[in-house]
$ cat query-v2.pdb   # PDB, C-alpha atoms and all ligand atoms
ATOM      1  CA  MET A   1     -27.009   7.502 -10.924  1.00  0.00           C
ATOM      2  CA  SER A   2     -25.334   4.173 -11.664  1.00  0.00           C
ATOM      3  CA  ALA A   3     -24.939   1.481  -9.016  1.00  0.00           C
ATOM      4  CA  LYS A   4     -22.109   1.926  -6.528  1.00  0.00           C
ATOM      5  CA  THR A   5     -19.183  -0.405  -7.014  1.00  0.00           C
ATOM      6  CA  ILE A   6     -17.620  -2.323  -4.164  1.00  0.00           C
ATOM      7  CA  LEU A   7     -14.273  -4.045  -4.582  1.00  0.00           C
ATOM      8  CA  ILE A   8     -14.006  -7.199  -2.486  1.00  0.00           C
ATOM      9  CA  VAL A   9     -10.404  -8.090  -1.653  1.00  0.00           C
ATOM     10  CA  GLU A  10     -10.593 -11.562  -0.152  1.00  0.00           C
ATOM     11  CA  ASP A  11      -8.773 -14.802  -0.907  1.00  0.00           C
ATOM     12  CA  GLU A  12     -11.463 -17.121   0.489  1.00  0.00           C
ATOM     13  CA  LYS A  13     -13.910 -17.965  -2.242  1.00  0.00           C
ATOM     14  CA  ALA A  14     -16.743 -18.893   0.138  1.00  0.00           C
ATOM     15  CA  ILE A  15     -16.636 -15.456   1.741  1.00  0.00           C
ATOM     16  CA  ARG A  16     -16.402 -13.699  -1.635  1.00  0.00           C
ATOM     17  CA  ASP A  17     -19.412 -15.649  -2.890  1.00  0.00           C
ATOM     18  CA  MET A  18     -21.405 -14.786   0.207  1.00  0.00           C
ATOM     19  CA  LEU A  19     -20.537 -11.089  -0.196  1.00  0.00           C
ATOM     20  CA  VAL A  20     -21.290 -11.052  -3.922  1.00  0.00           C
ATOM     21  CA  PHE A  21     -24.654 -12.656  -3.288  1.00  0.00           C
ATOM     22  CA  ASN A  22     -25.740 -10.401  -0.439  1.00  0.00           C
ATOM     23  CA  LEU A  23     -24.309  -7.115  -1.665  1.00  0.00           C
ATOM     24  CA  GLY A  24     -25.500  -7.795  -5.193  1.00  0.00           C
ATOM     25  CA  ARG A  25     -28.994  -8.270  -3.857  1.00  0.00           C
ATOM     26  CA  ALA A  26     -28.655  -4.939  -2.056  1.00  0.00           C
ATOM     27  CA  GLY A  27     -28.014  -3.253  -5.420  1.00  0.00           C
ATOM     28  CA  TYR A  28     -24.231  -2.930  -5.438  1.00  0.00           C
ATOM     29  CA  THR A  29     -21.991  -3.780  -8.373  1.00  0.00           C
ATOM     30  CA  LEU A  30     -19.240  -6.097  -7.177  1.00  0.00           C
ATOM     31  CA  ARG A  31     -15.684  -6.656  -8.300  1.00  0.00           C
ATOM     32  CA  GLU A  32     -13.445  -9.301  -6.816  1.00  0.00           C
ATOM     33  CA  ALA A  33      -9.709  -9.440  -6.151  1.00  0.00           C
ATOM     34  CA  VAL A  34      -8.064 -12.508  -4.635  1.00  0.00           C
ATOM     35  CA  ASP A  35      -4.818 -10.867  -3.500  1.00  0.00           C
ATOM     36  CA  GLY A  36      -3.096  -7.526  -3.026  1.00  0.00           C
ATOM     37  CA  LYS A  37      -1.569  -7.445  -6.479  1.00  0.00           C
ATOM     38  CA  SER A  38      -4.843  -7.906  -8.321  1.00  0.00           C
ATOM     39  CA  ALA A  39      -6.513  -5.441  -5.933  1.00  0.00           C
ATOM     40  CA  ARG A  40      -4.012  -2.745  -6.898  1.00  0.00           C
ATOM     41  CA  THR A  41      -4.475  -3.442 -10.583  1.00  0.00           C
ATOM     42  CA  MET A  42      -8.249  -3.280 -10.297  1.00  0.00           C
ATOM     43  CA  VAL A  43      -8.195  -0.059  -8.280  1.00  0.00           C
ATOM     44  CA  ALA A  44      -5.820   1.535 -10.802  1.00  0.00           C
ATOM     45  CA  ASP A  45      -8.124   0.444 -13.601  1.00  0.00           C
ATOM     46  CA  ARG A  46     -11.206   1.973 -12.077  1.00  0.00           C
ATOM     47  CA  PHE A  47     -11.814   3.415  -8.627  1.00  0.00           C
ATOM     48  CA  PRO A  48     -14.423   1.524  -6.638  1.00  0.00           C
ATOM     49  CA  ASP A  49     -16.805   3.437  -4.378  1.00  0.00           C
ATOM     50  CA  LEU A  50     -15.704   1.313  -1.428  1.00  0.00           C
ATOM     51  CA  ILE A  51     -13.241  -1.481  -0.669  1.00  0.00           C
ATOM     52  CA  LEU A  52     -13.918  -4.463   1.593  1.00  0.00           C
ATOM     53  CA  MET A  53     -10.445  -5.544   2.638  1.00  0.00           C
ATOM     54  CA  ASP A  54      -9.580  -8.892   4.158  1.00  0.00           C
ATOM     55  CA  TRP A  55      -6.776  -8.635   6.712  1.00  0.00           C
ATOM     56  CA  MET A  56      -4.937 -11.835   5.793  1.00  0.00           C
ATOM     57  CA  LEU A  57      -4.174 -11.970   2.078  1.00  0.00           C
ATOM     58  CA  PRO A  58      -1.726 -14.376   0.409  1.00  0.00           C
ATOM     59  CA  ASP A  59       0.779 -11.764  -0.776  1.00  0.00           C
ATOM     60  CA  VAL A  60       0.381  -8.759   1.509  1.00  0.00           C
ATOM     61  CA  SER A  61      -1.547  -7.906   4.661  1.00  0.00           C
ATOM     62  CA  GLY A  62      -4.797  -6.060   4.052  1.00  0.00           C
ATOM     63  CA  LEU A  63      -3.605  -3.576   6.652  1.00  0.00           C
ATOM     64  CA  GLU A  64      -0.493  -2.780   4.614  1.00  0.00           C
ATOM     65  CA  LEU A  65      -2.494  -2.476   1.427  1.00  0.00           C
ATOM     66  CA  THR A  66      -4.963  -0.125   3.125  1.00  0.00           C
ATOM     67  CA  ARG A  67      -2.007   2.015   4.241  1.00  0.00           C
ATOM     68  CA  VAL A  68      -0.783   2.166   0.650  1.00  0.00           C
ATOM     69  CA  PHE A  69      -4.181   3.246  -0.684  1.00  0.00           C
ATOM     70  CA  LYS A  70      -4.620   5.818   2.058  1.00  0.00           C
ATOM     71  CA  ARG A  71      -1.141   7.252   1.522  1.00  0.00           C
ATOM     72  CA  GLU A  72      -1.679   7.896  -2.167  1.00  0.00           C
ATOM     73  CA  GLU A  73      -3.544  11.005  -3.129  1.00  0.00           C
ATOM     74  CA  ALA A  74      -5.384   9.330  -5.982  1.00  0.00           C
ATOM     75  CA  THR A  75      -6.867   6.580  -3.794  1.00  0.00           C
ATOM     76  CA  ARG A  76      -7.037   8.107  -0.333  1.00  0.00           C
ATOM     77  CA  ASP A  77     -10.703   9.029  -0.614  1.00  0.00           C
ATOM     78  CA  ILE A  78     -11.853   5.495  -1.323  1.00  0.00           C
ATOM     79  CA  PRO A  79     -13.445   4.220   1.894  1.00  0.00           C
ATOM     80  CA  VAL A  80     -12.053   0.953   3.224  1.00  0.00           C
ATOM     81  CA  ILE A  81     -13.748  -1.480   5.599  1.00  0.00           C
ATOM     82  CA  MET A  82     -11.461  -4.172   6.988  1.00  0.00           C
ATOM     83  CA  LEU A  83     -12.738  -7.733   7.310  1.00  0.00           C
ATOM     84  CA  THR A  84     -10.928  -9.770   9.862  1.00  0.00           C
ATOM     85  CA  ALA A  85     -10.984 -12.882  11.983  1.00  0.00           C
ATOM     86  CA  ARG A  86      -8.979 -11.058  14.591  1.00  0.00           C
ATOM     87  CA  VAL A  87     -10.708  -9.794  17.655  1.00  0.00           C
ATOM     88  CA  GLU A  88      -7.881  -8.281  19.676  1.00  0.00           C
ATOM     89  CA  GLU A  89      -8.308  -4.653  20.654  1.00  0.00           C
ATOM     90  CA  ASP A  90      -4.743  -3.958  19.471  1.00  0.00           C
ATOM     91  CA  ASP A  91      -5.610  -5.190  16.005  1.00  0.00           C
ATOM     92  CA  ARG A  92      -8.676  -3.040  15.891  1.00  0.00           C
ATOM     93  CA  VAL A  93      -6.617   0.012  16.746  1.00  0.00           C
ATOM     94  CA  ALA A  94      -3.970  -0.973  14.193  1.00  0.00           C
ATOM     95  CA  GLY A  95      -6.654  -1.341  11.535  1.00  0.00           C
ATOM     96  CA  LEU A  96      -8.083   2.079  12.137  1.00  0.00           C
ATOM     97  CA  GLU A  97      -4.654   3.716  12.456  1.00  0.00           C
ATOM     98  CA  GLY A  98      -3.721   2.104   9.162  1.00  0.00           C
ATOM     99  CA  GLY A  99      -6.425   4.238   7.636  1.00  0.00           C
ATOM    100  CA  ALA A 100      -9.356   1.837   7.472  1.00  0.00           C
ATOM    101  CA  ASP A 101     -12.683   3.646   7.870  1.00  0.00           C
ATOM    102  CA  ASP A 102     -14.299   0.810   9.735  1.00  0.00           C
ATOM    103  CA  TYR A 103     -13.715  -2.705  10.821  1.00  0.00           C
ATOM    104  CA  ILE A 104     -15.872  -5.801  10.989  1.00  0.00           C
ATOM    105  CA  VAL A 105     -15.036  -9.116  12.656  1.00  0.00           C
ATOM    106  CA  LYS A 106     -15.772 -12.461  10.962  1.00  0.00           C
ATOM    107  CA  PRO A 107     -18.197 -14.086  11.142  1.00  0.00           C
ATOM    108  CA  PHE A 108     -20.567 -11.169  10.532  1.00  0.00           C
ATOM    109  CA  SER A 109     -24.138 -11.018   9.336  1.00  0.00           C
ATOM    110  CA  PRO A 110     -24.867  -9.513   5.914  1.00  0.00           C
ATOM    111  CA  ARG A 111     -27.257  -7.121   7.607  1.00  0.00           C
ATOM    112  CA  GLU A 112     -24.538  -5.862   9.953  1.00  0.00           C
ATOM    113  CA  LEU A 113     -22.099  -5.435   7.077  1.00  0.00           C
ATOM    114  CA  LEU A 114     -24.658  -3.543   4.980  1.00  0.00           C
ATOM    115  CA  ALA A 115     -25.290  -1.184   7.866  1.00  0.00           C
ATOM    116  CA  ARG A 116     -21.534  -0.479   8.137  1.00  0.00           C
ATOM    117  CA  ILE A 117     -21.202   0.004   4.390  1.00  0.00           C
ATOM    118  CA  ASN A 118     -24.123   2.424   4.255  1.00  0.00           C
ATOM    119  CA  ALA A 119     -22.766   4.380   7.216  1.00  0.00           C
ATOM    120  CA  VAL A 120     -19.296   4.715   5.678  1.00  0.00           C
ATOM    121  CA  MET A 121     -20.732   5.624   2.255  1.00  0.00           C
ATOM    122  CA  ARG A 122     -22.835   8.353   3.884  1.00  0.00           C
ATOM    123  CA  ARG A 123     -19.766   9.840   5.536  1.00  0.00           C
ATOM    124  CA  TYR A 124     -18.084  10.161   2.163  1.00  0.00           C
ATOM    125  CA  SER A 125     -21.048  11.228   0.090  1.00  0.00           C
ATOM    126  CA  SER A 126     -21.003  14.943   0.955  1.00  0.00           C
ATOM    127  CA  GLY A 127     -18.494  15.949  -1.727  1.00  0.00           C
ATOM    128  CA  GLU A 128     -19.712  13.446  -4.244  1.00  0.00           C
ATOM    129  CA  ASP A 129     -21.857  15.664  -6.452  1.00  0.00           C
ATOM    130  CA  GLU A 130     -18.994  18.051  -6.895  1.00  0.00           C
ATOM    131  CA  VAL A 131     -18.339  19.170 -10.454  1.00  0.00           C
ATOM    132  CA  ILE A 132     -15.159  21.128 -11.063  1.00  0.00           C
ATOM    133  CA  SER A 133     -15.149  23.539 -14.001  1.00  0.00           C
ATOM    134  CA  ILE A 134     -12.004  25.237 -15.236  1.00  0.00           C
ATOM    135  CA  GLY A 135     -11.496  26.962 -18.567  1.00  0.00           C
ATOM    136  CA  GLY A 136     -14.647  25.467 -20.063  1.00  0.00           C
ATOM    137  CA  LEU A 137     -13.698  21.937 -19.061  1.00  0.00           C
ATOM    138  CA  ALA A 138     -15.952  20.211 -16.508  1.00  0.00           C
ATOM    139  CA  LEU A 139     -15.051  17.158 -14.439  1.00  0.00           C
ATOM    140  CA  ASP A 140     -17.911  15.328 -12.757  1.00  0.00           C
ATOM    141  CA  ALA A 141     -16.341  13.080 -10.149  1.00  0.00           C
ATOM    142  CA  ALA A 142     -19.582  11.267  -9.304  1.00  0.00           C
ATOM    143  CA  GLY A 143     -20.336  10.397 -12.900  1.00  0.00           C
ATOM    144  CA  HIS A 144     -16.654   9.871 -13.740  1.00  0.00           C
ATOM    145  CA  ARG A 145     -17.285  12.168 -16.701  1.00  0.00           C
ATOM    146  CA  VAL A 146     -15.437  14.945 -18.468  1.00  0.00           C
ATOM    147  CA  THR A 147     -17.324  17.395 -20.659  1.00  0.00           C
ATOM    148  CA  VAL A 148     -16.815  20.572 -22.641  1.00  0.00           C
ATOM    149  CA  GLY A 149     -20.207  22.191 -23.036  1.00  0.00           C
ATOM    150  CA  GLU A 150     -22.485  19.431 -24.272  1.00  0.00           C
ATOM    151  CA  GLN A 151     -19.636  17.395 -25.638  1.00  0.00           C
ATOM    152  CA  SER A 152     -18.385  14.424 -23.651  1.00  0.00           C
ATOM    153  CA  ILE A 153     -14.642  13.716 -23.676  1.00  0.00           C
ATOM    154  CA  SER A 154     -13.571  10.097 -23.643  1.00  0.00           C
ATOM    155  CA  LEU A 155     -10.432   9.404 -21.571  1.00  0.00           C
ATOM    156  CA  GLY A 156      -8.458   6.341 -20.556  1.00  0.00           C
ATOM    157  CA  PRO A 157      -8.246   5.615 -16.796  1.00  0.00           C
ATOM    158  CA  THR A 158      -4.782   7.126 -16.381  1.00  0.00           C
ATOM    159  CA  GLU A 159      -5.659  10.221 -18.400  1.00  0.00           C
ATOM    160  CA  TYR A 160      -8.777  10.639 -16.279  1.00  0.00           C
ATOM    161  CA  ARG A 161      -6.759  10.397 -13.048  1.00  0.00           C
ATOM    162  CA  LEU A 162      -4.182  12.815 -14.376  1.00  0.00           C
ATOM    163  CA  LEU A 163      -6.826  15.337 -15.386  1.00  0.00           C
ATOM    164  CA  SER A 164      -8.656  14.900 -12.096  1.00  0.00           C
ATOM    165  CA  PHE A 165      -5.436  15.561 -10.188  1.00  0.00           C
ATOM    166  CA  PHE A 166      -4.690  18.656 -12.286  1.00  0.00           C
ATOM    167  CA  MET A 167      -8.195  20.051 -11.892  1.00  0.00           C
ATOM    168  CA  HIS A 168      -8.058  19.580  -8.130  1.00  0.00           C
ATOM    169  CA  HIS A 169      -4.654  21.318  -8.060  1.00  0.00           C
ATOM    170  CA  PRO A 170      -4.713  24.049 -10.702  1.00  0.00           C
ATOM    171  CA  ASP A 171      -2.166  26.807 -11.296  1.00  0.00           C
ATOM    172  CA  ARG A 172       0.704  24.914  -9.738  1.00  0.00           C
ATOM    173  CA  VAL A 173       3.694  23.363 -11.415  1.00  0.00           C
ATOM    174  CA  TYR A 174       4.316  19.653 -10.815  1.00  0.00           C
ATOM    175  CA  SER A 175       7.484  17.863 -11.817  1.00  0.00           C
ATOM    176  CA  ARG A 176       7.257  14.470 -13.508  1.00  0.00           C
ATOM    177  CA  THR A 177       8.391  12.817 -10.275  1.00  0.00           C
ATOM    178  CA  GLN A 178       5.679  14.589  -8.294  1.00  0.00           C
ATOM    179  CA  LEU A 179       3.054  13.567 -10.826  1.00  0.00           C
ATOM    180  CA  LEU A 180       4.231   9.959 -10.661  1.00  0.00           C
ATOM    181  CA  ASP A 181       3.957  10.032  -6.864  1.00  0.00           C
ATOM    182  CA  ARG A 182       0.556  11.652  -6.758  1.00  0.00           C
ATOM    183  CA  VAL A 183      -1.206  10.185  -9.767  1.00  0.00           C
ATOM    184  CA  TRP A 184       0.459   6.800 -10.240  1.00  0.00           C
ATOM    185  CA  GLY A 185       1.209   6.262  -6.570  1.00  0.00           C
ATOM    186  CA  GLY A 186       3.554   3.540  -5.431  1.00  0.00           C
ATOM    187  CA  ASN A 187       4.297   2.029  -8.842  1.00  0.00           C
ATOM    188  CA  VAL A 188       7.986   2.826  -8.613  1.00  0.00           C
ATOM    189  CA  TYR A 189       8.843   0.923 -11.794  1.00  0.00           C
ATOM    190  CA  VAL A 190       7.069   3.531 -13.912  1.00  0.00           C
ATOM    191  CA  GLU A 191       9.552   5.746 -15.770  1.00  0.00           C
ATOM    192  CA  GLU A 192       9.308   9.516 -15.873  1.00  0.00           C
ATOM    193  CA  ARG A 193       8.712   9.599 -19.604  1.00  0.00           C
ATOM    194  CA  THR A 194       5.502   7.649 -18.980  1.00  0.00           C
ATOM    195  CA  VAL A 195       4.166  10.952 -17.664  1.00  0.00           C
ATOM    196  CA  ASP A 196       4.913  12.592 -21.016  1.00  0.00           C
ATOM    197  CA  VAL A 197       3.153   9.788 -22.867  1.00  0.00           C
ATOM    198  CA  HIS A 198      -0.042  10.241 -20.858  1.00  0.00           C
ATOM    199  CA  ILE A 199       0.142  14.029 -21.005  1.00  0.00           C
ATOM    200  CA  ARG A 200       0.319  13.691 -24.784  1.00  0.00           C
ATOM    201  CA  ARG A 201      -2.722  11.404 -24.842  1.00  0.00           C
ATOM    202  CA  LEU A 202      -4.635  13.727 -22.552  1.00  0.00           C
ATOM    203  CA  ARG A 203      -3.839  16.742 -24.725  1.00  0.00           C
ATOM    204  CA  LYS A 204      -4.855  14.825 -27.828  1.00  0.00           C
ATOM    205  CA  ALA A 205      -8.218  13.959 -26.292  1.00  0.00           C
ATOM    206  CA  LEU A 206      -8.727  17.635 -25.465  1.00  0.00           C
ATOM    207  CA  THR A 207      -7.506  19.088 -28.772  1.00  0.00           C
ATOM    208  CA  ASP A 208     -10.851  19.246 -30.576  1.00  0.00           C
ATOM    209  CA  SER A 209     -12.350  21.302 -27.786  1.00  0.00           C
ATOM    210  CA  GLY A 210      -9.312  23.573 -27.590  1.00  0.00           C
ATOM    211  CA  CYS A 211      -8.857  22.622 -23.922  1.00  0.00           C
ATOM    212  CA  ASP A 212      -5.453  21.035 -24.564  1.00  0.00           C
ATOM    213  CA  LYS A 213      -3.895  24.454 -23.950  1.00  0.00           C
ATOM    214  CA  LEU A 214      -4.963  24.209 -20.305  1.00  0.00           C
ATOM    215  CA  ILE A 215      -2.142  21.730 -19.822  1.00  0.00           C
ATOM    216  CA  GLN A 216       0.986  23.811 -19.968  1.00  0.00           C
ATOM    217  CA  THR A 217       4.536  22.590 -20.252  1.00  0.00           C
ATOM    218  CA  VAL A 218       6.845  24.470 -17.941  1.00  0.00           C
ATOM    219  CA  ARG A 219      10.301  24.079 -19.393  1.00  0.00           C
ATOM    220  CA  GLY A 220      12.756  22.420 -17.058  1.00  0.00           C
ATOM    221  CA  ALA A 221      10.126  22.090 -14.326  1.00  0.00           C
ATOM    222  CA  GLY A 222       7.175  19.960 -15.399  1.00  0.00           C
ATOM    223  CA  TYR A 223       3.513  20.611 -16.086  1.00  0.00           C
ATOM    224  CA  ARG A 224       0.845  22.988 -14.914  1.00  0.00           C
ATOM    225  CA  PHE A 225      -2.917  23.012 -15.411  1.00  0.00           C
ATOM    226  CA  SER A 226      -4.182  26.532 -15.733  1.00  0.00           C
ATOM    227  CA  ALA A 227      -6.806  28.615 -17.522  1.00  0.00           C
ATOM    228  CA  ARG A 228      -4.412  31.555 -17.419  1.00  0.00           C
ATOM    229  CA  GLU A 229      -1.946  32.261 -20.188  1.00  0.00           C
ATOM    230  CA  ALA A 230       1.355  30.492 -19.670  1.00  0.00           C
TER     231      ALA A 230
HETATM  232 CA    CA A 301      -7.834 -14.304   4.084  1.00  0.00          CA
END

$ encode --input "query-v2.pdb" --output "structure tokens"
Amino acid sequence: MSAKTILIVEDEKAIRDMLVFNLGRAGYTLREAVDGKSARTMVADRFPDLILMDWMLPDVSGLELTRVFKREEATRDIPVIMLTARVEEDDRVAGLEGGADDYIVKPFSPRELLARINAVMRRYSSGEDEVISIGGLALDAAGHRVTVGEQSISLGPTEYRLLSFFMHHPDRVYSRTQLLDRVWGGNVYVEERTVDVHIRRLRKALTDSGCDKLIQTVRGAGYRFSAREA
């Protein structure tokens, strides 16, 4: 299996460098975001296996951003460990209520952080080898791979998320608004017809295998993923 990816969301370069050095040495692949905006872009681009979230970011509080990720279906299963200079018990409680999976106070030792990361990763790893198969189409969440038989299907990040959502919620109709909420999350500036654009791309990618018919248009209502006849 490929190396696990950790997204570091931290505006202080010295701390980022320290984390990149130590976590890189421990075998993790690291990505770095310097503020909330870039963190959201990077998460939307590709889900990390874990997020290290600084509390005090230039544009948004790490606590708020964690709440956003944990509220959205697409990102809620990404574990988050908060990094903070705060030591108050109230803050600790707020951090965990905001959805963070754990919490570590600066300054911390790399060894302590690694122990926390490994513990949180273990908690999440139970469902990780799950492969969902519907109508001949298989989605391997761990490998981030979609296959039909031996054939691998190449998808863009949004198409992958859309398909993943559908395969986790088959046989139900979702309106464009619901799909925007659950697949795109809080990006309110996205228009409803964006959904149609990505549905079209997804169907196109699945056409050769004949699996495009799994994505059914329900007139006046939205879309449904189903192996049953529409
Ligand atoms: Ca900071």

$ closest_residue --input "query-v2.pdb" --among "A:Leu114, A:Arg31, A:Leu19, A:Pro107" --to "Asp45 of chain A" --atoms "only C-alpha atoms"
A:Arg31

$ resolve_selection --input "query-v2.pdb" --expression "the PyMOL selection byres (((chain A and resi 117) around 12) and not hetatm)" --output "compact mmCIF listing (two decimals) with C-alpha atoms, in the coordinates of the input"
# COMPACT_ATOMS: atom_id res chain seq x y z
CA LYS A 4 -22.11 1.93 -6.53
CA THR A 5 -19.18 -0.40 -7.01
CA ILE A 6 -17.62 -2.32 -4.16
CA LEU A 23 -24.31 -7.12 -1.66
CA ALA A 26 -28.66 -4.94 -2.06
CA TYR A 28 -24.23 -2.93 -5.44
CA ASP A 49 -16.80 3.44 -4.38
CA LEU A 50 -15.70 1.31 -1.43
CA ILE A 51 -13.24 -1.48 -0.67
CA LEU A 52 -13.92 -4.46 1.59
CA PRO A 79 -13.44 4.22 1.89
CA VAL A 80 -12.05 0.95 3.22
CA ILE A 81 -13.75 -1.48 5.60
CA MET A 82 -11.46 -4.17 6.99
CA LEU A 83 -12.74 -7.73 7.31
CA ASP A 101 -12.68 3.65 7.87
CA ASP A 102 -14.30 0.81 9.74
CA TYR A 103 -13.72 -2.70 10.82
CA ILE A 104 -15.87 -5.80 10.99
CA PRO A 110 -24.87 -9.51 5.91
CA ARG A 111 -27.26 -7.12 7.61
CA GLU A 112 -24.54 -5.86 9.95
CA LEU A 113 -22.10 -5.44 7.08
CA LEU A 114 -24.66 -3.54 4.98
CA ALA A 115 -25.29 -1.18 7.87
CA ARG A 116 -21.53 -0.48 8.14
CA ASN A 118 -24.12 2.42 4.26
CA ALA A 119 -22.77 4.38 7.22
CA VAL A 120 -19.30 4.72 5.68
CA MET A 121 -20.73 5.62 2.26
CA ARG A 122 -22.84 8.35 3.88
CA ARG A 123 -19.77 9.84 5.54
CA TYR A 124 -18.08 10.16 2.16

$ atom_distance --input "query-v2.pdb" --atom1 "atom CA of Glu130 of chain A" --atom2 "atom CA of Ala142 of chain A"
7.2 Å

$ resolve_selection --input "query-v2.pdb" --expression "the PyMOL selection byres (((chain A and resi 72) around 8) and not hetatm)" --output "list in words"
Val68, Phe69, Lys70, Arg71, Glu73, Ala74, Thr75, Arg76, Asp181, Arg182, Val183, Gly185 and Gly186 of chain A

$ residues_near_point --input "query-v2.pdb" --point "(-0.7, -10.4, 3.8)" --cutoff "12 Å" --atoms "only C-alpha atoms" --output "ChimeraX atom specification"
/A:9-11,34-37,53-66,84

$ resolve_selection --input "query-v2.pdb" --expression "the PyMOL selection byres (((chain A and resi 163-179) around 7) and not hetatm)" --output "list in words"
Glu159, Tyr160, Arg161, Leu162, Leu180, Asp181, Arg182, Val183, Glu192, Val195, Ala221, Gly222, Tyr223, Arg224, Phe225 and Ser226 of chain A

$ atom_distance --input "query-v2.pdb" --atom1 "atom CA of Glu229 of chain A" --atom2 "atom CA of Ala141 of chain A"
26.0 Å

$ residues_around --input "query-v2.pdb" --residues "Ala44 of chain A" --least-positions-apart "5" --cutoff "9 Å" --atoms "all atoms listed in the file" --output "list of chain:residue names"
A:Ala39, A:Thr75, A:Pro157, A:Thr158, A:Trp184

$ residues_around --input "query-v2.pdb" --residues "Ala138 of chain A" --least-positions-apart "5" --cutoff "9 Å" --atoms "all atoms listed in the file" --output "JSON, numbers by chain"
{"A": [131, 132, 133, 145, 146, 147, 148, 149]}

$ residues_around --input "query-v2.pdb" --residues "Ala227 of chain A" --least-positions-apart "2" --cutoff "7 Å" --atoms "all atoms listed in the file" --output "PyMOL selection string"
chain A and resi 134-135+214+229

$ closest_residue --input "query-v2.pdb" --among "A:Arg200, A:Arg46, A:Arg67, A:Lys106" --to "ligand CA 301 (chain A)" --atoms "only C-alpha atoms and all ligand atoms"
A:Lys106

$ closest_residue --input "query-v2.pdb" --among "A:Ala85, A:Val20, A:Leu139, A:Leu7" --to "ligand CA 301 (chain A)" --atoms "all atoms listed in the file"
A:Ala85

$ residues_around --input "query-v2.pdb" --residues "Lys204 of chain A" --least-positions-apart "3" --cutoff "12 Å" --atoms "all atoms listed in the file" --output "PyMOL selection string"
chain A and resi 153-156+159+197-201+207-213+215

$ write_last_selection --input "query-v2.pdb" --atoms "C-alpha atoms" --output "mmCIF file, in the coordinates of the input"
data_model
loop_
_atom_site.group_PDB
_atom_site.id
_atom_site.type_symbol
_atom_site.label_atom_id
_atom_site.label_comp_id
_atom_site.auth_asym_id
_atom_site.auth_seq_id
_atom_site.Cartn_x
_atom_site.Cartn_y
_atom_site.Cartn_z
ATOM 1 C CA ILE A 153 -14.642 13.716 -23.676
ATOM 2 C CA SER A 154 -13.571 10.097 -23.643
ATOM 3 C CA LEU A 155 -10.432 9.404 -21.571
ATOM 4 C CA GLY A 156 -8.458 6.341 -20.556
ATOM 5 C CA GLU A 159 -5.659 10.221 -18.400
ATOM 6 C CA VAL A 197 3.153 9.788 -22.867
ATOM 7 C CA HIS A 198 -0.042 10.241 -20.858
ATOM 8 C CA ILE A 199 0.142 14.029 -21.005
ATOM 9 C CA ARG A 200 0.319 13.691 -24.784
ATOM 10 C CA ARG A 201 -2.722 11.404 -24.842
ATOM 11 C CA THR A 207 -7.506 19.088 -28.772
ATOM 12 C CA ASP A 208 -10.851 19.246 -30.576
ATOM 13 C CA SER A 209 -12.350 21.302 -27.786
ATOM 14 C CA GLY A 210 -9.312 23.573 -27.590
ATOM 15 C CA CYS A 211 -8.857 22.622 -23.922
ATOM 16 C CA ASP A 212 -5.453 21.035 -24.564
ATOM 17 C CA LYS A 213 -3.895 24.454 -23.950
ATOM 18 C CA ILE A 215 -2.142 21.730 -19.822
#

$ atom_distance --input "query-v2.pdb" --atom1 "atom CA of Ala94 of chain A" --atom2 "atom CA of Glu32 of chain A"
24.5 Å

$ closest_residue --input "query-v2.pdb" --among "A:Met42, A:Ala3, A:Leu96, A:Ile15" --to "ligand CA 301 (chain A)" --atoms "only C-alpha atoms and all ligand atoms"
A:Ile15

$ decode --input "query-v2.pdb" --residues "segment 156-163 of chain A" --atoms "N, CA, C and O atoms" --output "PDB file, in the first residue's frame"
ATOM      1  N   GLY A 156     -11.572  12.010 -12.449  1.00  0.00           N
ATOM      2  CA  GLY A 156     -11.131  13.240 -11.793  1.00  0.00           C
ATOM      3  C   GLY A 156     -11.554  13.209 -10.334  1.00  0.00           C
ATOM      4  O   GLY A 156     -12.396  12.396  -9.956  1.00  0.00           O
ATOM      5  N   PRO A 157     -10.986  14.090  -9.492  1.00  0.00           N
ATOM      6  CA  PRO A 157     -11.293  14.063  -8.050  1.00  0.00           C
ATOM      7  C   PRO A 157     -12.780  14.247  -7.738  1.00  0.00           C
ATOM      8  O   PRO A 157     -13.319  13.572  -6.866  1.00  0.00           O
ATOM      9  N   THR A 158     -13.441  15.143  -8.458  1.00  0.00           N
ATOM     10  CA  THR A 158     -14.859  15.375  -8.173  1.00  0.00           C
ATOM     11  C   THR A 158     -15.700  14.187  -8.617  1.00  0.00           C
ATOM     12  O   THR A 158     -16.628  13.767  -7.916  1.00  0.00           O
ATOM     13  N   GLU A 159     -15.353  13.613  -9.778  1.00  0.00           N
ATOM     14  CA  GLU A 159     -16.088  12.450 -10.261  1.00  0.00           C
ATOM     15  C   GLU A 159     -15.907  11.274  -9.286  1.00  0.00           C
ATOM     16  O   GLU A 159     -16.841  10.523  -9.014  1.00  0.00           O
ATOM     17  N   TYR A 160     -14.689  11.156  -8.764  1.00  0.00           N
ATOM     18  CA  TYR A 160     -14.438  10.084  -7.797  1.00  0.00           C
ATOM     19  C   TYR A 160     -15.307  10.269  -6.543  1.00  0.00           C
ATOM     20  O   TYR A 160     -15.932   9.330  -6.057  1.00  0.00           O
ATOM     21  N   ARG A 161     -15.343  11.501  -6.042  1.00  0.00           N
ATOM     22  CA  ARG A 161     -16.150  11.780  -4.836  1.00  0.00           C
ATOM     23  C   ARG A 161     -17.626  11.519  -5.093  1.00  0.00           C
ATOM     24  O   ARG A 161     -18.337  10.988  -4.245  1.00  0.00           O
ATOM     25  N   LEU A 162     -18.074  11.946  -6.256  1.00  0.00           N
ATOM     26  CA  LEU A 162     -19.471  11.754  -6.632  1.00  0.00           C
ATOM     27  C   LEU A 162     -19.800  10.255  -6.685  1.00  0.00           C
ATOM     28  O   LEU A 162     -20.783   9.799  -6.106  1.00  0.00           O
ATOM     29  N   LEU A 163     -18.947   9.509  -7.348  1.00  0.00           N
ATOM     30  CA  LEU A 163     -19.181   8.066  -7.462  1.00  0.00           C
ATOM     31  C   LEU A 163     -19.116   7.398  -6.087  1.00  0.00           C
ATOM     32  O   LEU A 163     -19.936   6.539  -5.759  1.00  0.00           O
TER      33      LEU A 163
END
